[in-house]
file protein24.txt (compact mmCIF, C-alpha atoms)
# COMPACT_ATOMS: atom_id res chain seq x y z
CA MET Y 1 0.00 0.00 0.00
CA ALA Y 2 1.23 3.46 -0.78
CA ASN Y 3 2.87 4.96 2.20
CA GLU Y 4 3.70 8.21 0.46
CA THR Y 5 1.40 11.13 0.91
CA THR Y 6 1.02 14.30 -0.99
CA LEU Y 7 1.03 17.59 0.71
CA THR Y 8 -0.70 19.08 -2.27
CA LYS Y 9 0.78 22.09 -3.93
CA PRO Y 10 2.41 24.34 -3.05
CA ALA Y 11 3.76 22.39 -0.13
CA ALA Y 12 4.77 19.09 -1.47
CA GLU Y 13 4.18 16.63 -4.19
CA GLU Y 14 3.57 12.98 -4.02
CA ALA Y 15 6.69 10.94 -4.13
CA ALA Y 16 6.48 8.38 -6.86
CA ALA Y 17 6.29 4.85 -5.57
CA ALA Y 18 9.47 5.09 -3.60
CA GLU Y 19 10.94 1.84 -2.51
CA HIS Y 20 11.40 1.51 1.14
CA THR Y 21 13.95 -0.69 2.69
CA ARG Y 22 12.24 -1.08 6.01
CA SER Y 23 11.46 -4.58 7.08
CA GLY Y 24 8.59 -5.75 9.20
CA ARG Y 25 5.07 -4.48 9.49
CA PHE Y 26 4.31 -0.86 10.08
CA TYR Y 27 1.29 1.36 10.32
CA ARG Y 28 0.64 4.46 8.35
CA PRO Y 29 -0.27 7.09 10.93
CA HIS Y 30 -3.30 9.28 10.35
CA VAL Y 31 -2.32 12.86 9.69
CA ASP Y 32 -4.05 16.21 9.55
CA ILE Y 33 -2.39 18.90 7.47
CA LEU Y 34 -3.25 22.52 8.04
CA GLU Y 35 -2.19 25.59 6.24
CA GLN Y 36 -1.29 28.71 8.17
CA PRO Y 37 -0.17 31.99 6.65
CA ASP Y 38 3.50 31.29 7.30
CA GLU Y 39 3.72 27.56 7.78
CA LEU Y 40 2.18 24.16 7.20
CA LEU Y 41 1.29 22.06 10.21
CA VAL Y 42 1.39 18.29 9.98
CA MET Y 43 -0.18 16.49 12.92
CA ALA Y 44 0.39 12.76 12.97
CA ASP Y 45 -1.25 10.35 15.40
CA VAL Y 46 1.45 8.04 16.74
CA PRO Y 47 -0.02 6.79 20.03
CA GLY Y 48 2.24 4.72 22.22
CA ALA Y 49 5.45 6.09 20.77
CA ARG Y 50 7.99 7.59 23.13
CA GLY Y 51 9.20 11.06 22.29
CA ASP Y 52 12.85 10.02 22.25
CA ARG Y 53 12.21 7.22 19.79
CA ILE Y 54 10.58 9.23 17.06
CA ASP Y 55 12.80 9.73 14.07
CA VAL Y 56 11.95 12.62 11.74
CA LYS Y 57 14.24 12.82 8.73
CA PHE Y 58 14.49 15.14 5.80
CA GLU Y 59 16.49 13.86 2.88
CA ASP Y 60 16.35 14.62 -0.84
CA GLY Y 61 13.11 16.54 -0.55
CA SER Y 62 11.34 13.79 1.31
CA LEU Y 63 10.28 14.02 4.90
CA SER Y 64 9.90 10.75 6.78
CA ILE Y 65 8.43 9.98 10.15
CA HIS Y 66 9.30 6.77 11.93
CA ALA Y 67 7.92 6.28 15.41
CA GLU Y 68 9.01 3.18 17.25
CA VAL Y 69 6.36 1.62 19.43
CA ASP Y 70 6.86 -0.96 22.16
CA PRO Y 71 4.99 -4.20 21.53
CA ARG Y 72 1.35 -3.46 22.21
CA GLN Y 73 0.64 -6.88 23.60
CA SER Y 74 2.52 -9.09 26.02
CA ASP Y 75 2.67 -12.86 25.88
CA ASP Y 76 1.96 -13.49 29.55
CA ARG Y 77 -1.74 -12.85 29.38
CA GLU Y 78 -4.69 -14.23 27.58
CA TYR Y 79 -6.33 -11.83 25.16
CA LEU Y 80 -10.09 -11.67 25.03
CA LEU Y 81 -10.08 -9.01 22.37
CA ARG Y 82 -7.19 -7.99 20.19
CA GLU Y 83 -7.89 -5.16 17.79
CA TYR Y 84 -4.40 -3.72 17.58
CA GLY Y 85 -1.62 -5.30 15.63
CA VAL Y 86 2.14 -5.24 15.81
CA GLY Y 87 4.26 -2.61 14.14
CA ASP Y 88 5.79 0.84 14.24
CA PHE Y 89 4.43 3.95 12.58
CA TYR Y 90 6.05 5.02 9.35
CA ARG Y 91 5.11 7.49 6.66
CA THR Y 92 6.91 9.71 4.18
CA PHE Y 93 6.00 12.97 2.49
CA ARG Y 94 7.45 14.60 -0.55
CA VAL Y 95 8.12 18.23 0.31
CA SER Y 96 8.41 20.86 -2.38
CA GLU Y 97 10.80 23.78 -2.52
CA ALA Y 98 8.12 26.07 -1.18
CA VAL Y 99 9.01 24.80 2.29
CA ASP Y 100 12.08 26.03 4.10
CA ALA Y 101 13.47 22.59 4.90
CA GLY Y 102 16.19 23.89 7.16
CA LYS Y 103 13.67 25.24 9.64
CA ILE Y 104 11.38 22.25 10.02
CA SER Y 105 10.67 21.60 13.68
CA ALA Y 106 8.74 18.96 15.59
CA GLU Y 107 7.08 18.50 18.94
CA TYR Y 108 5.33 15.58 20.60
CA ALA Y 109 2.55 15.47 23.16
CA ASP Y 110 -0.19 12.97 24.07
CA GLY Y 111 0.53 10.67 21.18
CA VAL Y 112 0.42 13.40 18.56
CA LEU Y 113 3.52 14.46 16.66
CA THR Y 114 3.28 18.01 15.31
CA LEU Y 115 5.61 19.10 12.54
CA HIS Y 116 6.03 22.75 11.64
CA LEU Y 117 7.01 23.29 8.01
CA PRO Y 118 7.76 26.98 7.55
CA LYS Y 119 6.99 28.33 4.11
CA ALA Y 120 9.87 29.69 2.12
CA GLU Y 121 10.09 33.49 2.00
CA ALA Y 122 9.20 33.52 -1.69
CA VAL Y 123 5.74 32.02 -1.21
CA ARG Y 124 4.64 33.75 1.98
CA PRO Y 125 1.67 36.01 1.55
CA ARG Y 126 2.74 39.58 1.46
CA LYS Y 127 0.72 42.64 2.09
CA ILE Y 128 1.50 45.38 -0.32
CA ALA Y 129 1.00 48.85 0.90
CA VAL Y 130 -0.85 51.06 -1.51
CA LYS Y 131 0.59 54.47 -1.70
CA THR Y 132 -1.67 57.41 -2.10
CA GLU Y 133 -0.48 60.70 -3.34
CA MET I 1 -19.55 -7.89 21.99
CA SER I 2 -18.31 -11.37 22.56
CA LEU I 3 -15.13 -11.82 24.49
CA ILE I 4 -13.75 -14.95 22.99
CA PRO I 5 -10.00 -15.47 23.29
CA TRP I 6 -8.33 -14.35 20.15
CA ARG I 7 -6.22 -16.71 18.07
CA THR I 8 -2.81 -15.14 17.77
CA LYS I 9 -2.44 -15.83 14.12
CA GLN I 10 -1.30 -13.19 11.70
CA ARG I 11 -2.42 -13.60 8.15
CA GLU I 12 -0.13 -12.46 5.39
CA GLY I 13 -1.22 -9.66 3.17
CA GLU I 14 -3.90 -8.51 5.55
CA PRO I 15 -4.68 -4.80 5.28
CA THR I 16 -3.45 -2.61 8.10
CA GLU I 17 -5.75 -1.87 11.03
CA SER I 18 -6.36 1.65 9.96
CA SER I 19 -7.67 0.83 6.51
CA PRO I 20 -11.32 1.75 6.02
CA LEU I 21 -12.17 -1.79 5.02
CA VAL I 22 -10.85 -3.24 8.25
CA THR I 23 -12.59 -0.56 10.28
CA LEU I 24 -15.86 -1.38 8.55
CA ARG I 25 -15.34 -5.09 9.13
CA HIS I 26 -14.73 -4.48 12.85
CA GLU I 27 -17.85 -2.34 13.09
CA VAL I 28 -19.95 -4.99 11.37
CA ASP I 29 -18.45 -7.72 13.59
CA ARG I 30 -19.25 -5.70 16.67
CA LEU I 31 -22.78 -5.03 15.54
CA PHE I 32 -23.33 -8.68 14.74
CA ASP I 33 -21.86 -9.88 18.05
CA ALA I 34 -23.91 -7.38 20.02
CA PHE I 35 -27.08 -8.43 18.25
CA VAL I 36 -26.47 -12.15 18.67
CA ARG I 37 -25.70 -11.82 22.36
CA GLU I 38 -28.38 -9.47 23.48
CA PRO I 39 -30.82 -8.82 20.67
CA PHE I 40 -33.21 -6.65 22.62
CA SER I 41 -30.95 -4.87 25.06
CA ALA I 42 -29.65 -1.37 24.74
CA VAL I 43 -26.99 -2.21 22.23
CA ASP I 44 -24.03 0.09 21.80
CA TRP I 45 -24.87 0.62 18.14
CA PRO I 46 -21.71 1.39 16.26
CA PHE I 47 -23.38 3.46 13.58
CA ALA I 48 -25.57 5.46 15.95
CA GLY I 49 -25.04 9.15 15.69
CA LEU I 50 -23.07 10.79 12.97
CA GLY I 51 -19.67 11.98 13.96
CA LYS I 52 -19.54 9.56 16.86
CA TRP I 53 -16.87 6.96 16.82
CA SER I 54 -15.68 4.21 19.07
CA PRO I 55 -12.08 3.49 19.94
CA THR I 56 -10.27 0.27 19.17
CA LEU I 57 -9.38 -1.88 22.19
CA ASP I 58 -7.14 -4.67 23.39
CA ILE I 59 -8.52 -6.55 26.36
CA ALA I 60 -6.49 -9.13 28.25
CA GLU I 61 -7.25 -11.19 31.28
CA THR I 62 -5.15 -12.70 34.05
CA ASP I 63 -6.38 -14.50 37.17
CA ALA I 64 -6.59 -11.33 39.20
CA GLU I 65 -7.35 -8.59 36.73
CA VAL I 66 -8.58 -7.50 33.35
CA SER I 67 -6.44 -5.01 31.48
CA VAL I 68 -7.64 -2.76 28.70
CA ARG I 69 -5.55 -0.73 26.27
CA ALA I 70 -6.89 1.93 23.93
CA GLU I 71 -4.98 4.26 21.63
CA LEU I 72 -6.54 7.68 21.94
CA PRO I 73 -4.04 10.22 20.65
CA GLY I 74 -4.44 13.92 21.20
CA ILE I 75 -7.06 13.86 23.92
CA ASP I 76 -7.05 16.06 26.95
CA PRO I 77 -7.24 13.63 29.91
CA LYS I 78 -9.98 15.87 31.34
CA ASP I 79 -12.17 14.93 28.37
CA LEU I 80 -11.75 11.22 29.01
CA ASN I 81 -14.33 9.31 31.05
CA VAL I 82 -14.05 5.75 32.26
CA SER I 83 -16.85 4.19 34.24
CA VAL I 84 -17.32 0.72 35.63
CA SER I 85 -20.38 -0.88 37.09
CA GLY I 86 -20.51 -4.60 37.74
CA ASN I 87 -19.03 -6.10 34.61
CA GLN I 88 -19.82 -3.17 32.33
CA LEU I 89 -17.02 -0.90 31.25
CA VAL I 90 -17.71 2.33 29.40
CA ILE I 91 -14.96 4.44 27.86
CA SER I 92 -16.18 7.74 26.50
CA GLY I 93 -14.94 11.20 25.83
CA GLU I 94 -14.36 13.81 23.26
CA LYS I 95 -11.50 14.56 20.95
CA LYS I 96 -11.43 18.29 20.43
CA GLU I 97 -9.84 19.99 17.51
CA SER I 98 -6.80 21.65 18.95
CA THR I 99 -6.53 24.09 16.10
CA GLU I 100 -9.86 25.86 16.24
CA ASP I 101 -8.12 29.14 16.75
CA CYS I 102 -6.06 29.00 13.60
CA GLY I 103 -8.55 29.18 10.82
CA LYS I 104 -9.02 25.47 10.00
CA ASP I 105 -7.75 25.51 6.50
CA PHE I 106 -7.23 21.79 6.10
CA TYR I 107 -5.24 20.43 3.25
CA HIS I 108 -5.85 16.98 4.40
CA SER I 109 -7.68 15.51 7.37
CA GLU I 110 -7.62 11.91 8.48
CA SER I 111 -8.10 12.08 12.25
CA ARG I 112 -11.48 11.60 13.80
CA TYR I 113 -12.78 14.30 16.04
CA GLY I 114 -15.84 14.59 18.21
CA THR I 115 -17.33 12.39 20.88
CA PHE I 116 -16.59 8.73 21.17
CA ARG I 117 -17.97 5.95 23.27
CA ARG I 118 -17.44 2.27 23.70
CA CYS I 119 -19.22 -0.05 26.04
CA VAL I 120 -17.85 -3.51 26.79
CA THR I 121 -19.18 -6.37 28.87
CA LEU I 122 -16.24 -7.85 30.73
CA PRO I 123 -15.92 -11.53 31.58
CA ALA I 124 -15.88 -10.89 35.34
CA GLU I 125 -17.23 -8.57 37.97
CA ILE I 126 -14.91 -5.64 38.57
CA ASP I 127 -14.08 -3.93 41.83
CA ALA I 128 -15.05 -0.38 40.88
CA GLU I 129 -13.04 1.06 43.79
CA ASN I 130 -9.87 -0.53 42.56
CA VAL I 131 -9.41 0.63 38.99
CA ASP I 132 -6.12 2.01 37.82
CA ALA I 133 -6.33 4.24 34.74
CA GLN I 134 -3.32 5.84 33.09
CA TYR I 135 -2.95 8.00 30.01
CA THR I 136 0.57 8.11 28.61
CA ASN I 137 1.72 9.13 25.13
CA GLY I 138 -1.82 8.94 23.81
CA VAL I 139 -2.51 5.46 25.17
CA LEU I 140 -5.10 4.77 27.84
CA THR I 141 -4.30 1.73 29.99
CA LEU I 142 -6.76 0.36 32.51
CA HIS I 143 -6.09 -2.26 35.14
CA LEU I 144 -9.35 -3.55 36.54
CA LYS I 145 -9.15 -5.80 39.58
CA LYS I 146 -11.68 -8.59 39.63
CA THR I 147 -13.86 -8.89 42.69
CA GLN I 148 -13.17 -12.06 44.61
CA PRO I 149 -16.11 -14.32 44.05
CA ALA I 150 -17.73 -15.63 47.21
CA PRO I 151 -16.66 -19.24 47.64
CA THR I 152 -19.30 -21.62 46.44
CA LYS I 153 -21.12 -23.14 49.36
CA ARG I 154 -22.42 -26.61 49.16
CA ILE I 155 -25.85 -26.99 50.61
CA GLU I 156 -26.78 -30.20 52.16
CA VAL I 157 -30.16 -31.52 51.17
CA LYS I 158 -31.85 -33.01 54.16
CA VAL I 159 -34.07 -35.98 53.74
CA LYS I 160 -36.92 -36.28 56.12

call {"tool": "encode", "arguments": {"input": "protein24.txt", "output": "structure tokens"}}
result
Amino acid sequence: MANETTLTKPAAEEAAAAEHTRSGRFYRPHVDILEQPDELLVMADVPGARGDRIDVKFEDGSLSIHAEVDPRQSDDREYLLREYGVGDFYRTFRVSEAVDAGKISAEYADGVLTLHLPKAEAVRPRKIAVKTE
Amino acid sequence: MSLIPWRTKQREGEPTESSPLVTLRHEVDRLFDAFVREPFSAVDWPFAGLGKWSPTLDIAETDAEVSVRAELPGIDPKDLNVSVSGNQLVISGEKKESTEDCGKDFYHSESRYGTFRRCVTLPAEIDAENVDAQYTNGVLTLHLKKTQPAPTKRIEVKVK
């Protein structure tokens, strides 16, 4: 299944079926993407991940999120209901040049990873003062 | 819903938990189980109410306790309610949009917001005074101590 997501223009474009070299099962976290005047906000649900084990990488115009999660189940008990599976969270985004990649920042609280993608100067909305004579 | 021990068998090529098809299958399973068990009771209808959703759960049992795990990212613990009575457990709450103040110009939205509720019949009576609930990194973990059943007393039948 495609694990690449488009941040539609002008933020990012879908990465063509990129191969990933990650082994094992993983989940594609749900994300919300919001546009603000000067930045894009990406909020990814990665419940159960620990803040120090979330890896956010930016390489070759692609932003990847990998959140390691401890096994959700333990073997020493009998499960009556098991709706969660095994696997980390992983997802990548293709980011366009309209984002200032050097200033991407991230924070994590209550299972939600928030990424701030500041827009590049060139695409920020600008208010032009109208001169009157 | 029925609490039948789960076979720990992973099938290859199965869609991930979050895929809409799997979610729909779970909802239909739940609805079916609820109907088969208690056809005329107040069923926790999964499709009742638009915008309502119910969280996914893991429920495990040991001799002394029942433990429940639910992934509920981005919820203020104040908006989370857990109630226990007898063998009924209800997890409810509301996931509020944290970004109401910033204009809501969504490019893309996948998270579910709004109120949620899930009601589960547990396999044993629970000591409501002795429930441990923790919310860490978006995961709610409950440890529910079972009440000690009164020892079965054998009653002698007298013959006159």

call {"tool": "closest_atom_pairs", "arguments": {"input": "protein24.txt", "of": "chain Y", "to": "chain I", "cutoff": "8 Å", "atoms": "all atoms listed in the file", "output": "JSON lines"}}
result
{"residue": "Y:Leu7", "atom": "CA", "partner": "I:Tyr107", "partner_atom": "CA", "distance": 7.3}
{"residue": "Y:Thr8", "atom": "CA", "partner": "I:Tyr107", "partner_atom": "CA", "distance": 7.3}
{"residue": "Y:Tyr27", "atom": "CA", "partner": "I:Thr16", "partner_atom": "CA", "distance": 6.6}
{"residue": "Y:Arg28", "atom": "CA", "partner": "I:Ser18", "partner_atom": "CA", "distance": 7.7}
{"residue": "Y:His30", "atom": "CA", "partner": "I:Glu110", "partner_atom": "CA", "distance": 5.4}
{"residue": "Y:Val31", "atom": "CA", "partner": "I:Glu110", "partner_atom": "CA", "distance": 5.5}
{"residue": "Y:Asp32", "atom": "CA", "partner": "I:Ser109", "partner_atom": "CA", "distance": 4.3}
{"residue": "Y:Ile33", "atom": "CA", "partner": "I:His108", "partner_atom": "CA", "distance": 5.0}
{"residue": "Y:Leu34", "atom": "CA", "partner": "I:Phe106", "partner_atom": "CA", "distance": 4.5}
{"residue": "Y:Glu35", "atom": "CA", "partner": "I:Asp105", "partner_atom": "CA", "distance": 5.6}
{"residue": "Y:Gln36", "atom": "CA", "partner": "I:Cys102", "partner_atom": "CA", "distance": 7.2}
{"residue": "Y:Asp45", "atom": "CA", "partner": "I:Pro73", "partner_atom": "CA", "distance": 5.9}
{"residue": "Y:Val46", "atom": "CA", "partner": "I:Pro73", "partner_atom": "CA", "distance": 7.1}
{"residue": "Y:Pro47", "atom": "CA", "partner": "I:Gly138", "partner_atom": "CA", "distance": 4.7}
{"residue": "Y:Gly48", "atom": "CA", "partner": "I:Asn137", "partner_atom": "CA", "distance": 5.3}
{"residue": "Y:Ala49", "atom": "CA", "partner": "I:Asn137", "partner_atom": "CA", "distance": 6.5}
{"residue": "Y:Arg50", "atom": "CA", "partner": "I:Asn137", "partner_atom": "CA", "distance": 6.8}
{"residue": "Y:Arg77", "atom": "CA", "partner": "I:Thr62", "partner_atom": "CA", "distance": 5.8}
{"residue": "Y:Glu78", "atom": "CA", "partner": "I:Glu61", "partner_atom": "CA", "distance": 5.4}
{"residue": "Y:Tyr79", "atom": "CA", "partner": "I:Ala60", "partner_atom": "CA", "distance": 4.1}
{"residue": "Y:Leu80", "atom": "CA", "partner": "I:Pro5", "partner_atom": "CA", "distance": 4.2}
{"residue": "Y:Leu81", "atom": "CA", "partner": "I:Ile59", "partner_atom": "CA", "distance": 4.9}
{"residue": "Y:Arg82", "atom": "CA", "partner": "I:Asp58", "partner_atom": "CA", "distance": 4.6}
{"residue": "Y:Glu83", "atom": "CA", "partner": "I:Asp58", "partner_atom": "CA", "distance": 5.7}
{"residue": "Y:Tyr84", "atom": "CA", "partner": "I:Asp58", "partner_atom": "CA", "distance": 6.5}
{"residue": "Y:Gly85", "atom": "CA", "partner": "I:Glu17", "partner_atom": "CA", "distance": 7.1}
{"residue": "Y:Ala109", "atom": "CA", "partner": "I:Asn137", "partner_atom": "CA", "distance": 6.7}
{"residue": "Y:Asp110", "atom": "CA", "partner": "I:Gly138", "partner_atom": "CA", "distance": 4.4}
{"residue": "Y:Gly111", "atom": "CA", "partner": "I:Gly138", "partner_atom": "CA", "distance": 3.9}
{"residue": "Y:Val112", "atom": "CA", "partner": "I:Gly74", "partner_atom": "CA", "distance": 5.6}

call {"tool": "write_last_selection", "arguments": {"input": "protein24.txt", "atoms": "C-alpha atoms", "output": "mmCIF file, in the coordinates of the input"}}
result
data_model
loop_
_atom_site.group_PDB
_atom_site.id
_atom_site.type_symbol
_atom_site.label_atom_id
_atom_site.label_comp_id
_atom_site.auth_asym_id
_atom_site.auth_seq_id
_atom_site.Cartn_x
_atom_site.Cartn_y
_atom_site.Cartn_z
ATOM 1 C CA LEU Y 7 1.030 17.590 0.710
ATOM 2 C CA THR Y 8 -0.700 19.080 -2.270
ATOM 3 C CA TYR Y 27 1.290 1.360 10.320
ATOM 4 C CA ARG Y 28 0.640 4.460 8.350
ATOM 5 C CA HIS Y 30 -3.300 9.280 10.350
ATOM 6 C CA VAL Y 31 -2.320 12.860 9.690
ATOM 7 C CA ASP Y 32 -4.050 16.210 9.550
ATOM 8 C CA ILE Y 33 -2.390 18.900 7.470
ATOM 9 C CA LEU Y 34 -3.250 22.520 8.040
ATOM 10 C CA GLU Y 35 -2.190 25.590 6.240
ATOM 11 C CA GLN Y 36 -1.290 28.710 8.170
ATOM 12 C CA ASP Y 45 -1.250 10.350 15.400
ATOM 13 C CA VAL Y 46 1.450 8.040 16.740
ATOM 14 C CA PRO Y 47 -0.020 6.790 20.030
ATOM 15 C CA GLY Y 48 2.240 4.720 22.220
ATOM 16 C CA ALA Y 49 5.450 6.090 20.770
ATOM 17 C CA ARG Y 50 7.990 7.590 23.130
ATOM 18 C CA ARG Y 77 -1.740 -12.850 29.380
ATOM 19 C CA GLU Y 78 -4.690 -14.230 27.580
ATOM 20 C CA TYR Y 79 -6.330 -11.830 25.160
ATOM 21 C CA LEU Y 80 -10.090 -11.670 25.030
ATOM 22 C CA LEU Y 81 -10.080 -9.010 22.370
ATOM 23 C CA ARG Y 82 -7.190 -7.990 20.190
ATOM 24 C CA GLU Y 83 -7.890 -5.160 17.790
ATOM 25 C CA TYR Y 84 -4.400 -3.720 17.580
ATOM 26 C CA GLY Y 85 -1.620 -5.300 15.630
ATOM 27 C CA ALA Y 109 2.550 15.470 23.160
ATOM 28 C CA ASP Y 110 -0.190 12.970 24.070
ATOM 29 C CA GLY Y 111 0.530 10.670 21.180
ATOM 30 C CA VAL Y 112 0.420 13.400 18.560
#

call {"tool": "residues_around", "arguments": {"input": "protein24.txt", "residues": "Leu144 of chain I", "least_positions_apart": "6", "cutoff": "8 Å", "atoms": "all atoms listed in the file", "output": "compact mmCIF listing (two decimals) with C-alpha atoms, in the coordinates of the input"}}
result
# COMPACT_ATOMS: atom_id res chain seq x y z
CA GLU I 65 -7.35 -8.59 36.73
CA VAL I 66 -8.58 -7.50 33.35
CA SER I 67 -6.44 -5.01 31.48
CA ILE I 126 -14.91 -5.64 38.57
CA ASP I 127 -14.08 -3.93 41.83
CA ALA I 128 -15.05 -0.38 40.88
CA ASN I 130 -9.87 -0.53 42.56
CA VAL I 131 -9.41 0.63 38.99
CA ASP I 132 -6.12 2.01 37.82

call {"tool": "atom_distance", "arguments": {"input": "protein24.txt", "atom1": "atom CA of Asn87 of chain I", "atom2": "atom CA of Arg154 of chain I"}}
result
25.4 Å

call {"tool": "closest_residue", "arguments": {"input": "protein24.txt", "among": "Y:Pro37, Y:Glu59, Y:Met43, Y:Phe26", "to": "Lys119 of chain Y", "atoms": "only C-alpha atoms"}}
result
Y:Pro37

call {"tool": "residues_around", "arguments": {"input": "protein24.txt", "residues": "segment 60-63 of chain Y", "least_positions_apart": "6", "cutoff": "7 Å", "atoms": "only C-alpha atoms", "output": "mmCIF file with C-alpha atoms, keeping the file's coordinate frame"}}
result
data_model
loop_
_atom_site.group_PDB
_atom_site.id
_atom_site.type_symbol
_atom_site.label_atom_id
_atom_site.label_comp_id
_atom_site.auth_asym_id
_atom_site.auth_seq_id
_atom_site.Cartn_x
_atom_site.Cartn_y
_atom_site.Cartn_z
ATOM 1 C CA THR Y 92 6.910 9.710 4.180
ATOM 2 C CA PHE Y 93 6.000 12.970 2.490
ATOM 3 C CA ARG Y 94 7.450 14.600 -0.550
ATOM 4 C CA VAL Y 95 8.120 18.230 0.310
ATOM 5 C CA SER Y 96 8.410 20.860 -2.380
#

call {"tool": "residues_around", "arguments": {"input": "protein24.txt", "residues": "Ala106 of chain Y", "least_positions_apart": "4", "cutoff": "12 Å", "atoms": "only C-alpha atoms", "output": "ChimeraX atom specification"}}
result
/Y:40-44,51-52,54-58,63,65,112-118
